[in-house]
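Structure first, commentary second.
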Amino acid sequence: MAYRTLAVSVLVLMGVSVFGETWQIRQIPADLDKGRQDMCVVAGYCNPIAFVLQTTPENCRRDQDLVIEFVLPIGFDVIDSARGVDGHRYTRAYQDGALVVTDSFRHNRHQLTPLGSRPSEWRTYKIALRVPADVKPGSRLTMRLHHQGRMEVERTWDIRFTRLEGQDSPPLRKLVFGFYDYGYNGLKNAADDILNLFQAVGVNQFRVLNTRQRPPNFIWLSSVHHDFFHSRQHPNISVGGEPSKGGFCDPEAVIAEGATAVIPKAIERLVQAVDSSPSQAVYIDYEPTGITGFSERSIQKFMSEHQVSADDFARFREAYAREKHQVYRVEDAVVQAVYSKWTAFNTRQSAEYIGAIAHDFKARRPEAQFWVTQSCTCGMDDKTRALGNDNSAMAAYLDGVLPQIYCGYGATAAKRSALVVEGWRRQINRLNPSCRLVPLLLNRYAGASVKNSPEMVRLQGLAAVASGADGVSYYFVQNFDGDYYPQLLRMRQDMARYEDFYVDGKRVDDRFDLSEMGEGKVP
């Protein structure tokens, strides 16, 4: 078979920008910021860098070979690159005072995205760029893309750098500081170098990084994909009656028959995953909503427990299937009454489902830590009403939770996320005080042109631990560049300085009341 050849040249040299008609190159996060022309790195460390390569559907086919060429100043180096490919072949040579590195491989279509599409963390071409401690003024990175012998696009970014100061300050002893990103699990050759950067700012939990070194007092979260929890005999059923083709199975079947009986592969994979973790920790991503769980066994149990008639249930289900997550807005007293009961039932069901899995898993590995990342729904808040499930209920059966508390941007969002953390803390204290609460935060949504500033990321993290979290974790680390790492280091230093207060201090809000205030007056 004849394969097209794709050549990409990355040069830290002078250059000009030329955009082709069928190709575009975007660097994440630099090109998401309006008007920005530079790329920021941390001097003295190996920096993970992500690019989005966009082209036509024809060019996204698998049957193409790629050759990526890096021309770098002395002191820079490319340690590793993209994942999900059929092998890499590297060459290195010094030419005209520069280091030339080529990376040849057959591309995976998931590395390329359609022109004009929103950048996604799932489809990026990543490199691990080793940056010297001394970055020469005027350094630039130019990226040229050639297709079938023709240069289609060229991009140039100025190289700006930051430094880490005080990275040898005391580490965290009790609080968790985590990074959560699927994107680096293929960068095996550079994993240890990347870990050095993460540890320098204080990270002590990660998902997922394939390092050779296993530092102590570090939580390595192994994971099991949700498709291992699928059952052909007991698929999950949507409100519209469609059986799931993958993902989590009918929770009621697992509750009734046991996890080992219904999803034996899931339990086996959990055991294998935790055995591969030096910290004996494993997690799954489970974000249930009320729109699923409609197996016949679930329906009969629900109607019996909540004394709902067949007619009322059919009326509710028809509205739910039509309106989906807007059903809570339907002006129908019967629908709203049944929906309220279904939300409570679905919440308890998904929590007991996790409990059944935890029971059988812990029977095999009693000392293991079982974590789940879930939606941020907690209590009967607006999101719970919309999604039809209170995800915080599953904390009753877990060693740790990573609720996805994504509240947007700026100080108001930071305050909102702190309030959500407080709600989770109250719920966990009621259900299972030993469960660790480590909310997932983020600086920007994938592909977004707006972001939380480095300072706001730090303040959001501090607000979370001050509101009762046992630490913080950040999702989509590819959106962090050299501007963020110094602030993350400062956050860790602040956390370490007041760690005993955050962890062991007692809230005394009820001791402070406004006094001598006339009715209707505010301070």
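Letters A, B, ... go to the chains of the structure tokens in the order shown; residues in each chain start at 1; ligands are counted from 1 in the same order.
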
Can I get the residues of region 372-428 of chain A within 9 Å of region 432-436 of chain A, each with the closest pair of atoms and their distance in Å to one decimal, using only C-alpha atoms, sorted chain first then ascending number, as a tab-separated table?
residue	atom	partner	partner_atom	distance
A:Ala395	CA	A:Cys435	CA	6.6
A:Ala396	CA	A:Asn432	CA	5.0
A:Tyr397	CA	A:Asn432	CA	7.5
A:Leu398	CA	A:Cys435	CA	6.0
A:Asp399	CA	A:Cys435	CA	4.6
A:Gly400	CA	A:Arg436	CA	4.3
A:Val401	CA	A:Arg436	CA	6.2
A:Leu402	CA	A:Arg436	CA	8.7
A:Arg425	CA	A:Pro433	CA	8.7
A:Gln427	CA	A:Asn432	CA	8.3
A:Ile428	CA	A:Asn432	CA	5.3

Residues within 8 Å of Gly471 (chain A), only C-alpha atoms, excluding chain neighbours under 6 positions, as number ranges by chain:
A: 175-178, 437-439, 464-465

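DSSP, applied to the backbone of this structure, assigns alpha helix (DSSP H) to the following residues of region 433-464 of chain A: Pro454, Glu455, Met456, Val457, Arg458, Leu459, Gln460, Gly461, Leu462, Ala463 and Ala464 of chain A.
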
Can I get the selected residues back with N, CA and C atoms, as an mmCIF file, in the first residue's frame?
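Below is the file that was written, again-v9.cif:
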data_model
loop_
_atom_site.group_PDB
_atom_site.id
_atom_site.type_symbol
_atom_site.label_atom_id
_atom_site.label_comp_id
_atom_site.auth_asym_id
_atom_site.auth_seq_id
_atom_site.Cartn_x
_atom_site.Cartn_y
_atom_site.Cartn_z
ATOM 1 N N PRO A 454 -3.455 32.494 36.306
ATOM 2 C CA PRO A 454 -2.661 31.706 37.257
ATOM 3 C C PRO A 454 -2.953 32.069 38.707
ATOM 4 N N GLU A 455 -3.111 33.367 38.989
ATOM 5 C CA GLU A 455 -3.419 33.790 40.351
ATOM 6 C C GLU A 455 -4.776 33.265 40.796
ATOM 7 N N MET A 456 -5.769 33.285 39.899
ATOM 8 C CA MET A 456 -7.100 32.807 40.262
ATOM 9 C C MET A 456 -7.098 31.298 40.463
ATOM 10 N N VAL A 457 -6.299 30.569 39.696
ATOM 11 C CA VAL A 457 -6.164 29.125 39.903
ATOM 12 C C VAL A 457 -5.638 28.849 41.304
ATOM 13 N N ARG A 458 -4.641 29.622 41.727
ATOM 14 C CA ARG A 458 -4.091 29.456 43.074
ATOM 15 C C ARG A 458 -5.141 29.767 44.136
ATOM 16 N N LEU A 459 -5.845 30.874 43.975
ATOM 17 C CA LEU A 459 -6.841 31.267 44.968
ATOM 18 C C LEU A 459 -7.995 30.274 45.024
ATOM 19 N N GLN A 460 -8.389 29.738 43.875
ATOM 20 C CA GLN A 460 -9.460 28.743 43.845
ATOM 21 C C GLN A 460 -9.047 27.492 44.615
ATOM 22 N N GLY A 461 -7.789 27.073 44.462
ATOM 23 C CA GLY A 461 -7.306 25.915 45.200
ATOM 24 C C GLY A 461 -7.279 26.153 46.693
ATOM 25 N N LEU A 462 -6.796 27.324 47.111
ATOM 26 C CA LEU A 462 -6.765 27.648 48.536
ATOM 27 C C LEU A 462 -8.175 27.747 49.110
ATOM 28 N N ALA A 463 -9.101 28.311 48.330
ATOM 29 C CA ALA A 463 -10.489 28.406 48.793
ATOM 30 C C ALA A 463 -11.089 27.027 49.005
ATOM 31 N N ALA A 464 -10.719 26.074 48.152
ATOM 32 C CA ALA A 464 -11.255 24.717 48.283
ATOM 33 C C ALA A 464 -10.806 24.066 49.586
#

Rounded to one decimal in Å, what is the spacing between CA of Ala446 (chain A) and CA of Pro57 (chain A)?
21.5 Å

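With only C-alpha atoms as the atoms that count, the minimum distance from Ser277 (chain A) to the choices A:Phe370, A:Val335, A:Ile299, A:Ser340 is reached by A:Phe370.
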
For the structure I just gave you, how does DSSP split region 67-168 of chain A - specifically, which residues are strand (DSSP E or B)? Reply as an MDAnalysis selection string.
chainID A and resid 67:74 76:80 89:95 98:106 112:114 125:130 140:147 150:162

Fewer than 4 positions away in the same chain doesn't count, so skip those; otherwise give me all residues within 8 Å of Ser238 (chain A), counting only C-alpha atoms, as a list of chain:residue names.
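Everything that qualifies: A:Glu242, A:Pro243, A:Ser244, A:Ile291, A:Thr292, A:Gly293, A:Phe294.
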
Set the distance at 12 Å and use only C-alpha atoms: which residues neighbour Gly355 (chain A) once local chain neighbours fewer than 4 positions away are removed? I'd like the list as a list in words.
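Final neighbour list, sorted by chain and number: Pro251, Glu252, Val254, Ile255, Ala256, Gly258, Ala259, Arg348, Gln349, Ser350, Ala351, His359, Asp360, Phe361, Lys362, Phe370, Trp371, Val372, Ala393, Met394, Ala395, Ala396, Tyr397, Leu398 and Asp399 of chain A.
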
Residues at most 12 Å from Gly75 (chain A), counting only C-alpha atoms, excluding those fewer than 3 positions away in the same chain, as a PDB file with N, CA and C atoms, in the first residue's frame?
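Dumped to selection_30.pdb:
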ATOM      1  N   VAL A  12      13.352  26.109  16.527  1.00  0.00           N
ATOM      2  CA  VAL A  12      13.467  27.245  17.416  1.00  0.00           C
ATOM      3  C   VAL A  12      14.383  28.237  16.710  1.00  0.00           C
ATOM      4  N   ALA A  43      11.953  27.187  32.660  1.00  0.00           N
ATOM      5  CA  ALA A  43      13.371  26.954  32.411  1.00  0.00           C
ATOM      6  C   ALA A  43      13.917  25.901  33.364  1.00  0.00           C
ATOM      7  N   GLY A  44      14.775  25.031  32.826  1.00  0.00           N
ATOM      8  CA  GLY A  44      15.435  24.025  33.640  1.00  0.00           C
ATOM      9  C   GLY A  44      14.663  22.737  33.813  1.00  0.00           C
ATOM     10  N   TYR A  45      13.528  22.597  33.114  1.00  0.00           N
ATOM     11  CA  TYR A  45      12.697  21.403  33.260  1.00  0.00           C
ATOM     12  C   TYR A  45      12.237  20.887  31.906  1.00  0.00           C
ATOM     13  N   CYS A  46      11.762  19.657  31.917  1.00  0.00           N
ATOM     14  CA  CYS A  46      11.134  19.063  30.741  1.00  0.00           C
ATOM     15  C   CYS A  46       9.669  19.490  30.732  1.00  0.00           C
ATOM     16  N   VAL A  71      14.153  21.216  14.941  1.00  0.00           N
ATOM     17  CA  VAL A  71      15.459  21.864  14.865  1.00  0.00           C
ATOM     18  C   VAL A  71      15.555  22.795  16.065  1.00  0.00           C
ATOM     19  N   LEU A  72      16.451  22.460  16.985  1.00  0.00           N
ATOM     20  CA  LEU A  72      16.455  23.091  18.302  1.00  0.00           C
ATOM     21  C   LEU A  72      17.804  23.710  18.614  1.00  0.00           C
ATOM     22  N   VAL A  78      14.001  17.213  22.378  1.00  0.00           N
ATOM     23  CA  VAL A  78      12.697  16.557  22.387  1.00  0.00           C
ATOM     24  C   VAL A  78      12.903  15.150  22.920  1.00  0.00           C
ATOM     25  N   TYR A  94      23.501  16.973  14.765  1.00  0.00           N
ATOM     26  CA  TYR A  94      23.807  18.392  14.913  1.00  0.00           C
ATOM     27  C   TYR A  94      24.112  18.980  13.547  1.00  0.00           C
ATOM     28  N   GLY A  97      24.982  24.286  14.076  1.00  0.00           N
ATOM     29  CA  GLY A  97      24.824  24.797  15.429  1.00  0.00           C
ATOM     30  C   GLY A  97      23.483  24.527  16.063  1.00  0.00           C
ATOM     31  N   ALA A  98      22.722  23.594  15.516  1.00  0.00           N
ATOM     32  CA  ALA A  98      21.410  23.254  16.070  1.00  0.00           C
ATOM     33  C   ALA A  98      21.282  21.743  16.189  1.00  0.00           C
ATOM     34  N   LEU A  99      20.404  21.298  17.066  1.00  0.00           N
ATOM     35  CA  LEU A  99      20.096  19.877  17.191  1.00  0.00           C
ATOM     36  C   LEU A  99      18.869  19.574  16.351  1.00  0.00           C
ATOM     37  N   VAL A 100      19.014  18.631  15.432  1.00  0.00           N
ATOM     38  CA  VAL A 100      17.906  18.235  14.564  1.00  0.00           C
ATOM     39  C   VAL A 100      17.414  16.863  15.012  1.00  0.00           C
ATOM     40  N   LEU A 129       9.406  18.652  25.807  1.00  0.00           N
ATOM     41  CA  LEU A 129      10.494  19.540  25.402  1.00  0.00           C
ATOM     42  C   LEU A 129      11.382  19.837  26.603  1.00  0.00           C
ATOM     43  N   ARG A 130      12.624  19.387  26.523  1.00  0.00           N
ATOM     44  CA  ARG A 130      13.576  19.684  27.593  1.00  0.00           C
ATOM     45  C   ARG A 130      14.120  21.091  27.377  1.00  0.00           C
ATOM     46  N   VAL A 131      13.923  21.930  28.375  1.00  0.00           N
ATOM     47  CA  VAL A 131      14.312  23.336  28.289  1.00  0.00           C
ATOM     48  C   VAL A 131      15.514  23.570  29.195  1.00  0.00           C
ATOM     49  N   PRO A 132      16.581  24.184  28.688  1.00  0.00           N
ATOM     50  CA  PRO A 132      17.754  24.418  29.534  1.00  0.00           C
ATOM     51  C   PRO A 132      17.477  25.470  30.594  1.00  0.00           C
ATOM     52  N   ALA A 133      18.314  25.493  31.615  1.00  0.00           N
ATOM     53  CA  ALA A 133      18.165  26.507  32.659  1.00  0.00           C
ATOM     54  C   ALA A 133      18.440  27.900  32.119  1.00  0.00           C
ATOM     55  N   ASP A 134      19.292  27.974  31.099  1.00  0.00           N
ATOM     56  CA  ASP A 134      19.641  29.252  30.485  1.00  0.00           C
ATOM     57  C   ASP A 134      19.019  29.319  29.096  1.00  0.00           C
ATOM     58  N   VAL A 135      17.919  30.045  28.970  1.00  0.00           N
ATOM     59  CA  VAL A 135      17.248  30.211  27.686  1.00  0.00           C
ATOM     60  C   VAL A 135      17.739  31.507  27.051  1.00  0.00           C
ATOM     61  N   LYS A 136      18.293  31.413  25.860  1.00  0.00           N
ATOM     62  CA  LYS A 136      18.861  32.574  25.197  1.00  0.00           C
ATOM     63  C   LYS A 136      17.765  33.562  24.794  1.00  0.00           C
ATOM     64  N   SER A 139      14.884  33.546  21.525  1.00  0.00           N
ATOM     65  CA  SER A 139      14.587  32.189  21.051  1.00  0.00           C
ATOM     66  C   SER A 139      13.160  32.124  20.517  1.00  0.00           C
TER      67      SER A 139
END

So that I can check the surroundings of Gln233 (chain A), please list as a tab-separated table (two decimals) with C-alpha atoms, in the first residue's frame every protein, DNA and RNA residue that reaches within 10 Å of it, counting only C-alpha atoms and ignoring chain neighbours fewer than 4 positions away.
chain	number	residue	atom	x	y	z
A	249	CYS	CA	-24.34	-1.92	33.27
A	250	ASP	CA	-27.73	-1.97	34.95
A	253	ALA	CA	-28.61	-6.13	38.60
A	262	VAL	CA	-22.66	-9.65	36.92
A	263	ILE	CA	-19.40	-7.89	35.99

By how many Å are CA of Pro215 (chain A) and CA of Ala200 (chain A) apart?
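If I compute the distance from CA of Pro215 (chain A) to CA of Ala200 (chain A), I get 12.6 Å.
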
Pick from A:Gln64, A:Asn204, A:Thr91, A:Ser279: nearest to Arg492 (chain A), with only C-alpha atoms counted?
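Comparing A:Gln64, A:Asn204, A:Thr91, A:Ser279 against Arg492 (chain A), the winner is A:Asn204.
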
Nearest candidate to Ile79 (chain A) (options A:Ser120, A:Arg173, A:Val52, A:Lys188; using only C-alpha atoms)
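Ranking A:Ser120, A:Arg173, A:Val52, A:Lys188 by distance to Ile79 (chain A), first place goes to A:Lys188.
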
Nearest residue to Ile284 (chain A) out of A:His226, A:Arg232, A:His306, A:Arg36, using only C-alpha atoms?
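Ranking A:His226, A:Arg232, A:His306, A:Arg36 by distance to Ile284 (chain A), first place goes to A:His226.
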